[in-house]
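Q: What follows is target38.txt, compact mmCIF, C-alpha atoms.
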```txt
# COMPACT_ATOMS: atom_id res chain seq x y z
CA MET A 1075 -22.72 -21.57 3.65
CA ARG A 1076 -23.03 -18.29 1.81
CA TYR A 1077 -22.19 -17.75 -1.82
CA ARG A 1078 -23.28 -15.38 -4.53
CA LYS A 1079 -26.68 -16.20 -5.97
CA LEU A 1080 -26.24 -16.74 -9.69
CA SER A 1081 -28.55 -16.09 -12.58
CA GLN A 1082 -29.30 -18.74 -15.18
CA ASN A 1083 -26.83 -17.04 -17.50
CA ASN A 1084 -24.03 -17.80 -15.05
CA MET A 1085 -24.85 -21.50 -15.32
CA SER A 1086 -24.71 -21.70 -19.10
CA ASN A 1087 -21.87 -21.59 -21.59
CA LYS A 1088 -21.77 -18.07 -22.96
CA MET A 1089 -18.72 -18.22 -25.21
CA THR A 1090 -18.76 -19.47 -28.78
CA SER A 1091 -15.14 -18.72 -29.77
CA ARG A 1092 -11.77 -19.47 -28.24
CA PRO A 1093 -11.12 -17.34 -25.14
CA LYS A 1094 -8.40 -14.73 -25.21
CA ILE A 1095 -7.53 -15.21 -21.54
CA ILE A 1096 -7.85 -18.31 -19.35
CA PHE A 1097 -7.82 -18.44 -15.56
CA THR A 1098 -7.22 -21.70 -13.72
CA ASP A 1099 -7.04 -22.47 -10.04
CA PHE A 1100 -4.05 -24.60 -9.00
CA ASP A 1101 -4.58 -26.98 -6.05
CA GLY A 1102 -7.44 -29.39 -6.58
CA THR A 1103 -8.11 -28.07 -10.09
CA ILE A 1104 -5.05 -28.83 -12.22
CA LYS A 1105 -2.82 -30.08 -9.38
CA PRO A 1106 -4.20 -33.10 -7.48
CA PRO A 1107 -3.73 -33.23 -3.70
CA HIS A 1108 -1.02 -35.88 -3.89
CA GLY A 1109 0.38 -35.61 -7.39
CA GLN A 1110 1.54 -33.37 -10.19
CA VAL A 1111 -0.12 -31.40 -12.96
CA ALA A 1112 -1.01 -33.81 -15.77
CA ALA A 1113 1.33 -33.82 -18.77
CA SER A 1114 -1.60 -33.13 -21.09
CA ASP A 1115 -2.53 -30.01 -19.07
CA LEU A 1116 1.08 -28.81 -19.30
CA ALA A 1117 0.96 -29.41 -23.07
CA ALA A 1118 -2.35 -27.54 -23.34
CA LEU A 1119 -0.85 -24.53 -21.57
CA ARG A 1120 2.11 -24.53 -23.97
CA LYS A 1121 -0.15 -24.70 -26.99
CA LEU A 1122 -2.35 -21.89 -25.67
CA GLY A 1123 0.77 -19.75 -25.42
CA ARG A 1124 1.63 -20.45 -29.04
CA LEU A 1125 -1.92 -19.45 -30.00
CA GLY A 1126 -1.58 -16.14 -28.17
CA VAL A 1127 -4.03 -16.97 -25.36
CA ILE A 1128 -3.06 -15.35 -22.05
CA ARG A 1129 -2.68 -17.95 -19.31
CA VAL A 1130 -3.30 -17.04 -15.66
CA VAL A 1131 -3.01 -19.20 -12.55
CA ALA A 1132 -5.22 -17.95 -9.70
CA THR A 1133 -4.34 -19.60 -6.39
CA GLY A 1134 -4.86 -19.29 -2.68
CA ARG A 1135 -1.20 -20.07 -2.15
CA SER A 1136 1.33 -17.42 -1.25
CA LEU A 1137 3.99 -16.50 -3.79
CA TYR A 1138 6.56 -18.45 -1.76
CA SER A 1139 4.39 -21.57 -1.49
CA PHE A 1140 3.52 -21.58 -5.18
CA ALA A 1141 7.14 -21.09 -6.31
CA ARG A 1142 8.17 -23.94 -4.03
CA ASP A 1143 5.74 -26.51 -5.44
CA TYR A 1144 4.76 -25.62 -9.01
CA PRO A 1145 6.26 -27.74 -11.83
CA PRO A 1146 9.09 -25.73 -13.44
CA GLU A 1147 8.00 -26.86 -16.92
CA MET A 1148 4.57 -25.27 -16.42
CA GLU A 1149 4.20 -22.30 -18.78
CA PHE A 1150 1.86 -19.40 -18.02
CA ASP A 1151 1.88 -15.61 -18.08
CA TYR A 1152 0.48 -14.22 -14.81
CA LEU A 1153 -0.03 -15.38 -11.24
CA ILE A 1154 -2.86 -14.22 -9.00
CA PHE A 1155 -1.86 -15.42 -5.54
CA SER A 1156 -3.12 -15.49 -1.95
CA SER A 1157 -6.70 -15.49 -3.31
CA GLY A 1158 -6.28 -12.11 -5.01
CA LEU A 1159 -4.03 -10.29 -2.56
CA GLY A 1160 -1.27 -10.00 -5.16
CA LEU A 1161 -0.70 -10.18 -8.92
CA CYS A 1162 2.57 -10.60 -10.79
CA PRO A 1163 3.83 -11.55 -14.25
CA TRP A 1164 5.27 -15.04 -14.23
CA ASN A 1165 7.49 -15.77 -17.21
CA ASN A 1166 9.71 -12.82 -16.33
CA LEU A 1167 10.45 -14.09 -12.85
CA ASN A 1168 9.80 -17.82 -12.67
CA ASN A 1169 13.38 -18.88 -13.30
CA SER A 1170 14.75 -16.75 -10.48
CA ARG A 1171 12.03 -17.73 -8.02
CA ALA A 1172 12.30 -21.42 -8.85
CA SER A 1173 16.00 -21.32 -7.99
CA ASN A 1174 15.82 -18.72 -5.21
CA GLN A 1175 12.59 -18.39 -3.26
CA ASN A 1176 13.84 -15.14 -1.72
CA ALA A 1177 14.09 -13.42 -5.10
CA PRO A 1178 12.00 -10.23 -5.25
CA ALA A 1179 8.72 -10.44 -7.10
CA GLN A 1180 7.80 -7.96 -9.81
CA LEU A 1181 4.37 -7.14 -8.44
CA ILE A 1182 1.72 -5.57 -10.62
CA PHE A 1183 -0.28 -4.84 -7.50
CA SER A 1184 -0.59 -5.88 -3.87
CA HIS A 1185 -3.06 -5.03 -1.13
CA GLN A 1186 -2.78 -4.49 2.60
CA PHE A 1187 -5.02 -3.46 5.49
CA SER A 1188 -5.14 0.03 6.91
CA GLN A 1189 -4.13 0.32 10.55
CA LYS A 1190 -7.79 0.71 11.52
CA GLN A 1191 -8.71 -2.44 9.62
CA ILE A 1192 -5.87 -4.37 11.28
CA ALA A 1193 -7.16 -3.32 14.69
CA LEU A 1194 -10.71 -4.44 13.83
CA ALA A 1195 -9.58 -7.77 12.38
CA LEU A 1196 -7.25 -8.46 15.30
CA LYS A 1197 -9.90 -7.71 17.91
CA ALA A 1198 -12.49 -9.88 16.15
CA SER A 1199 -10.03 -12.75 15.68
CA ILE A 1200 -9.07 -12.74 19.37
CA GLU A 1201 -12.64 -12.52 20.64
CA LEU A 1202 -13.78 -15.44 18.47
CA GLY A 1203 -11.32 -17.66 20.36
CA ARG A 1204 -10.36 -19.77 17.34
CA GLY A 1205 -6.84 -18.50 17.00
CA PHE A 1206 -5.56 -16.83 13.84
CA PHE A 1207 -2.77 -16.30 11.37
CA ALA A 1208 -2.01 -12.69 10.37
CA PHE A 1209 0.08 -12.55 7.19
CA GLN A 1210 2.39 -9.85 5.88
CA PRO A 1211 1.47 -8.18 2.56
CA PRO A 1212 2.97 -9.45 -0.71
CA PRO A 1213 5.55 -10.48 -1.62
CA ASN A 1214 6.21 -11.86 1.89
CA CYS A 1215 2.71 -13.15 2.55
CA HIS A 1216 4.05 -16.52 3.73
CA CYS A 1217 5.36 -14.78 6.89
CA PHE A 1218 2.88 -14.48 9.73
CA VAL A 1219 2.08 -13.81 13.34
CA TYR A 1220 -0.15 -16.43 14.94
CA LEU A 1221 -2.25 -16.97 18.04
CA ALA A 1222 -3.18 -20.51 19.04
CA PRO A 1223 -6.87 -21.07 19.87
CA GLU A 1224 -7.74 -20.22 23.48
CA ILE A 1225 -11.30 -21.57 23.69
CA TYR A 1226 -11.63 -24.22 21.00
CA PRO A 1227 -9.16 -26.99 20.11
CA PRO A 1228 -6.99 -26.18 17.09
CA THR A 1229 -7.84 -27.89 13.82
CA GLN A 1230 -5.26 -30.27 12.46
CA GLY A 1231 -4.76 -27.86 9.58
CA PHE A 1232 -3.84 -25.10 12.04
CA LEU A 1233 -1.18 -27.32 13.60
CA ASP A 1234 0.09 -28.60 10.24
CA ARG A 1235 0.44 -25.12 8.79
CA LEU A 1236 2.26 -23.93 11.88
CA GLN A 1237 4.71 -26.81 11.61
CA LEU A 1238 5.25 -26.43 7.86
CA TYR A 1239 5.94 -22.68 8.06
CA ALA A 1240 7.68 -22.62 11.45
CA PRO A 1241 10.66 -20.60 10.12
CA PHE A 1242 8.28 -17.79 9.11
CA ALA A 1243 5.98 -17.88 12.19
CA ILE A 1244 6.05 -15.51 15.16
CA PRO A 1245 3.70 -16.04 18.14
CA TYR A 1246 1.40 -13.14 19.00
CA ASN A 1247 2.00 -11.73 22.47
CA GLY A 1248 0.38 -8.33 22.15
CA GLN A 1249 3.01 -6.81 19.89
CA ASP A 1250 2.35 -4.35 17.08
CA LEU A 1251 1.58 -6.47 14.03
CA GLY A 1252 2.99 -4.05 11.50
CA PRO A 1253 1.66 -4.15 7.90
CA ARG A 1254 -0.70 -7.06 7.22
CA GLY A 1255 -2.46 -8.29 4.10
CA GLN A 1256 -4.57 -11.22 5.31
CA PHE A 1257 -6.00 -12.85 8.42
CA LEU A 1258 -6.95 -16.52 8.48
CA ILE A 1259 -9.18 -18.40 10.94
CA THR A 1260 -9.81 -22.15 10.80
CA ALA A 1261 -12.78 -24.12 12.15
CA PRO A 1262 -14.52 -27.44 11.51
CA PHE A 1263 -16.85 -27.27 8.52
CA ASP A 1264 -20.09 -27.29 10.53
CA GLN A 1265 -18.82 -24.67 12.99
CA MET A 1266 -17.69 -22.08 10.46
CA PRO A 1267 -20.96 -20.21 9.65
CA PRO A 1268 -21.28 -18.62 13.13
CA VAL A 1269 -17.57 -17.78 13.04
CA ARG A 1270 -18.11 -15.85 9.83
CA ASP A 1271 -21.24 -14.17 11.20
CA GLY A 1272 -19.38 -13.11 14.32
CA PHE A 1273 -16.47 -11.73 12.34
CA GLU A 1274 -18.76 -9.75 10.03
CA GLN A 1275 -20.48 -8.16 13.01
CA MET A 1276 -17.25 -7.20 14.76
CA ALA A 1277 -15.26 -6.15 11.68
CA PRO A 1278 -17.70 -5.04 8.97
CA GLY A 1279 -16.58 -4.04 5.50
CA LEU A 1280 -13.72 -6.48 5.01
CA SER A 1281 -13.65 -9.11 2.26
CA LEU A 1282 -14.38 -12.62 3.51
CA THR A 1283 -14.22 -15.88 1.64
CA TYR A 1284 -14.11 -19.56 2.49
CA SER A 1285 -11.58 -22.09 1.30
CA SER A 1286 -11.35 -25.78 2.04
CA SER A 1287 -8.46 -26.87 4.24
CA PRO A 1288 -5.66 -28.40 2.14
CA TYR A 1289 -4.69 -30.65 5.05
CA GLY A 1290 -7.54 -33.14 4.79
CA ASP A 1291 -9.03 -32.32 8.19
CA ARG A 1292 -12.56 -31.50 6.95
CA ALA A 1293 -12.19 -27.91 8.12
CA LEU A 1294 -12.91 -24.60 6.45
CA TRP A 1295 -10.66 -21.59 6.41
CA LEU A 1296 -12.09 -18.11 6.67
CA GLU A 1297 -9.83 -15.86 4.58
CA ILE A 1298 -10.07 -12.19 5.57
CA PHE A 1299 -8.79 -9.48 3.24
CA PRO A 1300 -8.98 -5.72 2.73
CA PRO A 1301 -12.17 -4.57 0.97
CA ASN A 1302 -12.69 -5.74 -2.63
CA VAL A 1303 -9.89 -8.32 -2.61
CA SER A 1304 -10.71 -11.61 -4.35
CA LYS A 1305 -9.60 -13.74 -7.28
CA GLY A 1306 -12.45 -12.20 -9.27
CA SER A 1307 -11.43 -8.60 -8.64
CA ALA A 1308 -7.81 -9.41 -9.53
CA ALA A 1309 -8.94 -11.14 -12.74
CA LYS A 1310 -11.08 -8.13 -13.69
CA PHE A 1311 -8.17 -5.74 -13.06
CA LEU A 1312 -5.77 -7.82 -15.15
CA ALA A 1313 -8.19 -8.37 -18.04
CA GLU A 1314 -9.10 -4.68 -18.25
CA SER A 1315 -5.43 -3.66 -18.14
CA LEU A 1316 -4.91 -5.93 -21.17
CA GLY A 1317 -7.90 -4.48 -23.02
CA LEU A 1318 -10.06 -7.59 -22.50
CA THR A 1319 -13.54 -8.17 -21.12
CA SER A 1320 -15.04 -10.93 -19.02
CA GLN A 1321 -16.79 -12.29 -22.11
CA GLU A 1322 -13.39 -13.07 -23.62
CA SER A 1323 -12.35 -15.19 -20.65
CA LEU A 1324 -12.69 -18.75 -19.41
CA ALA A 1325 -12.19 -19.81 -15.78
CA ILE A 1326 -12.04 -23.13 -13.98
CA GLY A 1327 -11.90 -23.83 -10.25
CA ASN A 1328 -12.94 -26.23 -7.54
CA ASP A 1329 -13.55 -24.34 -4.30
CA TYR A 1330 -15.39 -21.54 -2.53
CA ASN A 1331 -12.63 -18.99 -3.07
CA ASP A 1332 -13.01 -19.49 -6.84
CA LEU A 1333 -16.64 -18.36 -6.93
CA ASP A 1334 -15.97 -14.64 -7.43
CA LEU A 1335 -13.69 -15.48 -10.34
CA LEU A 1336 -16.23 -17.87 -11.88
CA ALA A 1337 -19.05 -15.35 -11.47
CA TRP A 1338 -17.00 -12.71 -13.32
CA SER A 1339 -15.74 -14.87 -16.17
CA GLY A 1340 -17.58 -15.20 -19.46
CA GLN A 1341 -17.43 -19.00 -19.29
CA SER A 1342 -16.89 -20.90 -16.06
CA TYR A 1343 -16.49 -24.48 -14.86
CA LEU A 1344 -16.16 -26.32 -11.58
CA THR A 1345 -14.42 -29.65 -11.31
CA SER A 1346 -16.71 -32.61 -10.75
CA ASP A 1347 -15.37 -33.19 -7.22
CA ALA A 1348 -16.14 -29.65 -6.00
CA SER A 1349 -18.14 -29.38 -2.80
CA PRO A 1350 -21.79 -30.45 -3.24
CA LYS A 1351 -22.70 -27.03 -1.79
CA ILE A 1352 -21.47 -25.31 -4.96
CA ARG A 1353 -21.09 -28.05 -7.58
CA SER A 1354 -24.41 -27.36 -9.33
CA LEU A 1355 -23.61 -23.67 -9.95
CA TYR A 1356 -21.53 -24.28 -13.07
CA PRO A 1357 -20.98 -26.99 -15.71
CA ALA A 1358 -18.62 -29.73 -14.60
CA ALA A 1359 -15.12 -30.47 -15.85
CA PRO A 1360 -13.14 -33.59 -14.90
CA ALA A 1361 -11.41 -33.53 -11.54
CA SER A 1362 -7.64 -33.67 -11.27
CA PRO A 1363 -5.60 -35.70 -12.09
CA ASP A 1364 -7.78 -36.28 -15.18
CA ALA A 1365 -6.44 -33.20 -17.00
CA PRO A 1366 -9.48 -30.91 -16.60
CA LEU A 1367 -7.92 -28.01 -18.50
CA SER A 1368 -6.87 -30.16 -21.42
CA TRP A 1369 -10.31 -31.78 -21.54
CA LEU A 1370 -12.09 -28.42 -21.56
CA LEU A 1371 -9.97 -26.93 -24.29
CA SER A 1372 -10.20 -30.02 -26.47
CA LYS A 1373 -13.96 -30.40 -26.00
CA LEU A 1374 -14.87 -26.76 -26.48
CA PHE A 1375 -12.23 -25.31 -28.78
CA GLY A 1376 -10.31 -28.19 -30.32
CA VAL A 1377 -7.04 -27.12 -28.68
```
The structure in this file should be written as structure tokens.
A:
Amino acid sequence: MRYRKLSQNNMSNKMTSRPKIIFTDFDGTIKPPHGQVAASDLAALRKLGRLGVIRVVATGRSLYSFARDYPPEMEFDYLIFSSGLGLCPWNNLNNSRASNQNAPAQLIFSHQFSQKQIALALKASIELGRGFFAFQPPPNCHCFVYLAPEIYPPTQGFLDRLQLYAPFAIPYNGQDLGPRGQFLITAPFDQMPPVRDGFEQMAPGLSLTYSSSPYGDRALWLEIFPPNVSKGSAAKFLAESLGLTSQESLAIGNDYNDLDLLAWSGQSYLTSDASPKIRSLYPAAPASPDAPLSWLLSKLFGV
């Protein structure tokens, strides 16, 4: 596995006062795999709002998927979604999206591939033989074209995702893909490194990150984005637009696609059940459902 090599400073707590902006991952960080966000984490988010701290959820989910499953009583200010592909304010639109998942999003930014980049990503994805999902740009990044694996058996996560999002899925048969924001390839954990190496060689210059499969099949997902797309780059953009720096931020996550965000933030934590490959990079916070956000804020800042 590849991840950014961190200095000793990245592994220590660098903040001595309450952060002005907090970033939290969703699935596996504050939302357990088979449960809801802890009541004490919901209360901590409400109190942070009263204290004027900006609250940001940074997730790998699409806008549609997040609006479908997030607890309506969860209060926060901004959503970074699809691992940094899009950014939107939340409190101005959450009521409409919670009741109508087709409501338009008020996007602050979104990214998409150029036609040349789509051609490179498509060619590489086909030649690797693992199958792929090719998603539309935000706000419709839950809609996709897919190709089932032709050489290797599909992962269970590939099949589960296809079933869950069947109304938004179109099989690839050589058609023009149109605008795209993300490609996704799945493979068993131990088979993913050569997949990533092959993709980098055939389609250089694109942003690649891993994420763990949410379907419990011990697979990794290779998320492929336009250049410079990540949770970390979205967090940097948002903070700077609000007149804030990384040193005024706190971030917490649990997976590979959180590492750019954690490397950027002034103070960063991984949950204690994060992959052993990355767990030692940052101080540990409790794993969900043990209210990791509430624990951190109480322990560090008395919130």
Q: Using atom CA of A:Leu1153 and atom CA of A:Cys1215 as the two end points, give the distance in Å to one decimal.
A: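 For atom CA of A:Leu1153 relative to atom CA of A:Cys1215, the distance reads 14.2 Å.
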Q: Of the residues A:Ala1365, A:Val1303, A:Ile1225, A:Leu1233, which is the one nearest to A:Phe1155, using only C-alpha atoms?
A: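 Going through A:Ala1365, A:Val1303, A:Ile1225, A:Leu1233 one by one, the smallest distance to A:Phe1155 is for A:Val1303.
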Q: Under the rule of at most 9 Å, produce a per-residue listing of stretch 1251-1307 of chain A near stretch 1332-1338 of chain A: chain, number, name, the closest pair of atoms, and the distance in Å, as JSON lines, using all atoms listed in the file.
A:
```
{"residue": "A:Ser1285", "atom": "CA", "partner": "A:Asp1332", "partner_atom": "CA", "distance": 8.7}
{"residue": "A:Ser1304", "atom": "CA", "partner": "A:Asp1334", "partner_atom": "CA", "distance": 6.8}
{"residue": "A:Lys1305", "atom": "CA", "partner": "A:Leu1335", "partner_atom": "CA", "distance": 5.4}
{"residue": "A:Gly1306", "atom": "CA", "partner": "A:Leu1335", "partner_atom": "CA", "distance": 3.7}
{"residue": "A:Ser1307", "atom": "CA", "partner": "A:Leu1335", "partner_atom": "CA", "distance": 7.4}
```
Q: Once you count only C-alpha atoms, what closest atom pair and distance in Å to one decimal does each residue of stretch 1220-1297 of chain A within 8 Å of stretch 1182-1199 of chain A have, with rows by chain and rising residue number, as CSV?
A:
```
residue,atom,partner,partner_atom,distance
A:Pro1253,CA,A:Gln1186,CA,6.9
A:Arg1254,CA,A:Gln1186,CA,5.7
A:Gly1255,CA,A:Gln1186,CA,4.1
A:Gln1256,CA,A:Gln1186,CA,7.5
A:Phe1257,CA,A:Ala1195,CA,7.4
A:Ile1259,CA,A:Ser1199,CA,7.4
A:Gly1272,CA,A:Ala1198,CA,7.8
A:Phe1273,CA,A:Ala1198,CA,5.8
A:Met1276,CA,A:Ala1198,CA,5.6
A:Ala1277,CA,A:Leu1194,CA,5.3
A:Leu1280,CA,A:Gln1191,CA,7.9
```
Q: Please indicate the distance in Å from atom CA of A:Trp1295 to atom CA of A:Asp1115, rounded to one decimal place.
A: 28.0 Å
Q: Set the distance at 9 Å and use all atoms listed in the file: which residues neighbour stretch 1108-1111 of chain A once local chain neighbours fewer than 3 positions away are removed? I'd like the list as a CSV table (one decimal) with C-alpha atoms, in the frame of the given file.
A:
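selection.csv, written as the output of this step:
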```csv
chain,number,residue,atom,x,y,z
A,1100,PHE,CA,-4.0,-24.6,-9.0
A,1104,ILE,CA,-5.0,-28.8,-12.2
A,1105,LYS,CA,-2.8,-30.1,-9.4
A,1114,SER,CA,-1.6,-33.1,-21.1
A,1115,ASP,CA,-2.5,-30.0,-19.1
A,1116,LEU,CA,1.1,-28.8,-19.3
A,1144,TYR,CA,4.8,-25.6,-9.0
A,1145,PRO,CA,6.3,-27.7,-11.8
A,1148,MET,CA,4.6,-25.3,-16.4
A,1362,SER,CA,-7.6,-33.7,-11.3
A,1363,PRO,CA,-5.6,-35.7,-12.1
A,1365,ALA,CA,-6.4,-33.2,-17.0
```
Q: Would you mind telling me which residue in A:Leu1367, A:Leu1344, A:Leu1159, A:Leu1324 lies nearest to A:Pro1300 when using only C-alpha atoms?
A: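 The closest residue to A:Pro1300 is A:Leu1159.
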Q: To one decimal place in Å, what is the distance between atom CA of A:Arg1142 and atom CA of A:Arg1124?
A: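 For atom CA of A:Arg1142 relative to atom CA of A:Arg1124, the distance reads 26.1 Å.
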Q: List the spatial neighbours of A:Ser1346 as number ranges by chain - criterion: any atom at most 10 Å away, all atoms listed in the file, same-chain residues fewer than 3 positions off excluded.
A: A: 1103, 1328, 1343, 1349-1350, 1353-1354, 1356-1362, 1366
Q: Give me, as a list in words, all polymer residues having an atom no more than 7 Å from A:Ser1156, counting all atoms listed in the file and skipping those fewer than 3 positions away in the same chain.
A: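 Skipping anything fewer than 3 positions along the chain leaves Thr1133, Gly1134, Arg1135, Ser1136, Leu1159 and Gly1160 of chain A.
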Q: Go ahead and find all residues with at least one atom no further than 7 Å from (-12.0, -17.6, -15.4) in the file's coordinates, using all atoms listed in the file; report them as a PyMOL selection string.
A: chain A and resi 1096-1098+1323-1326+1335-1336+1339+1341-1342
Q: Using all atoms listed in the file, which of A:Ala1118, A:Leu1318, A:Cys1217, A:Leu1137 sits nearest A:Gly1158?
A: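 That would be A:Leu1137, the residue with the smallest distance to A:Gly1158.
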Q: Find the residues near A:Leu1294: any atom within 10 Å, counting only C-alpha atoms, skip ones fewer than 2 places away on the same chain, and give them as a list in words.
A: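 Everything that qualifies: Thr1229, Gly1231, Ile1259, Thr1260, Ala1261, Pro1262, Phe1263, Asp1264, Gln1265, Met1266, Pro1267, Tyr1284, Ser1285, Ser1286, Ser1287, Pro1288, Asp1291, Arg1292, Leu1296, Glu1297 and Tyr1330 of chain A.
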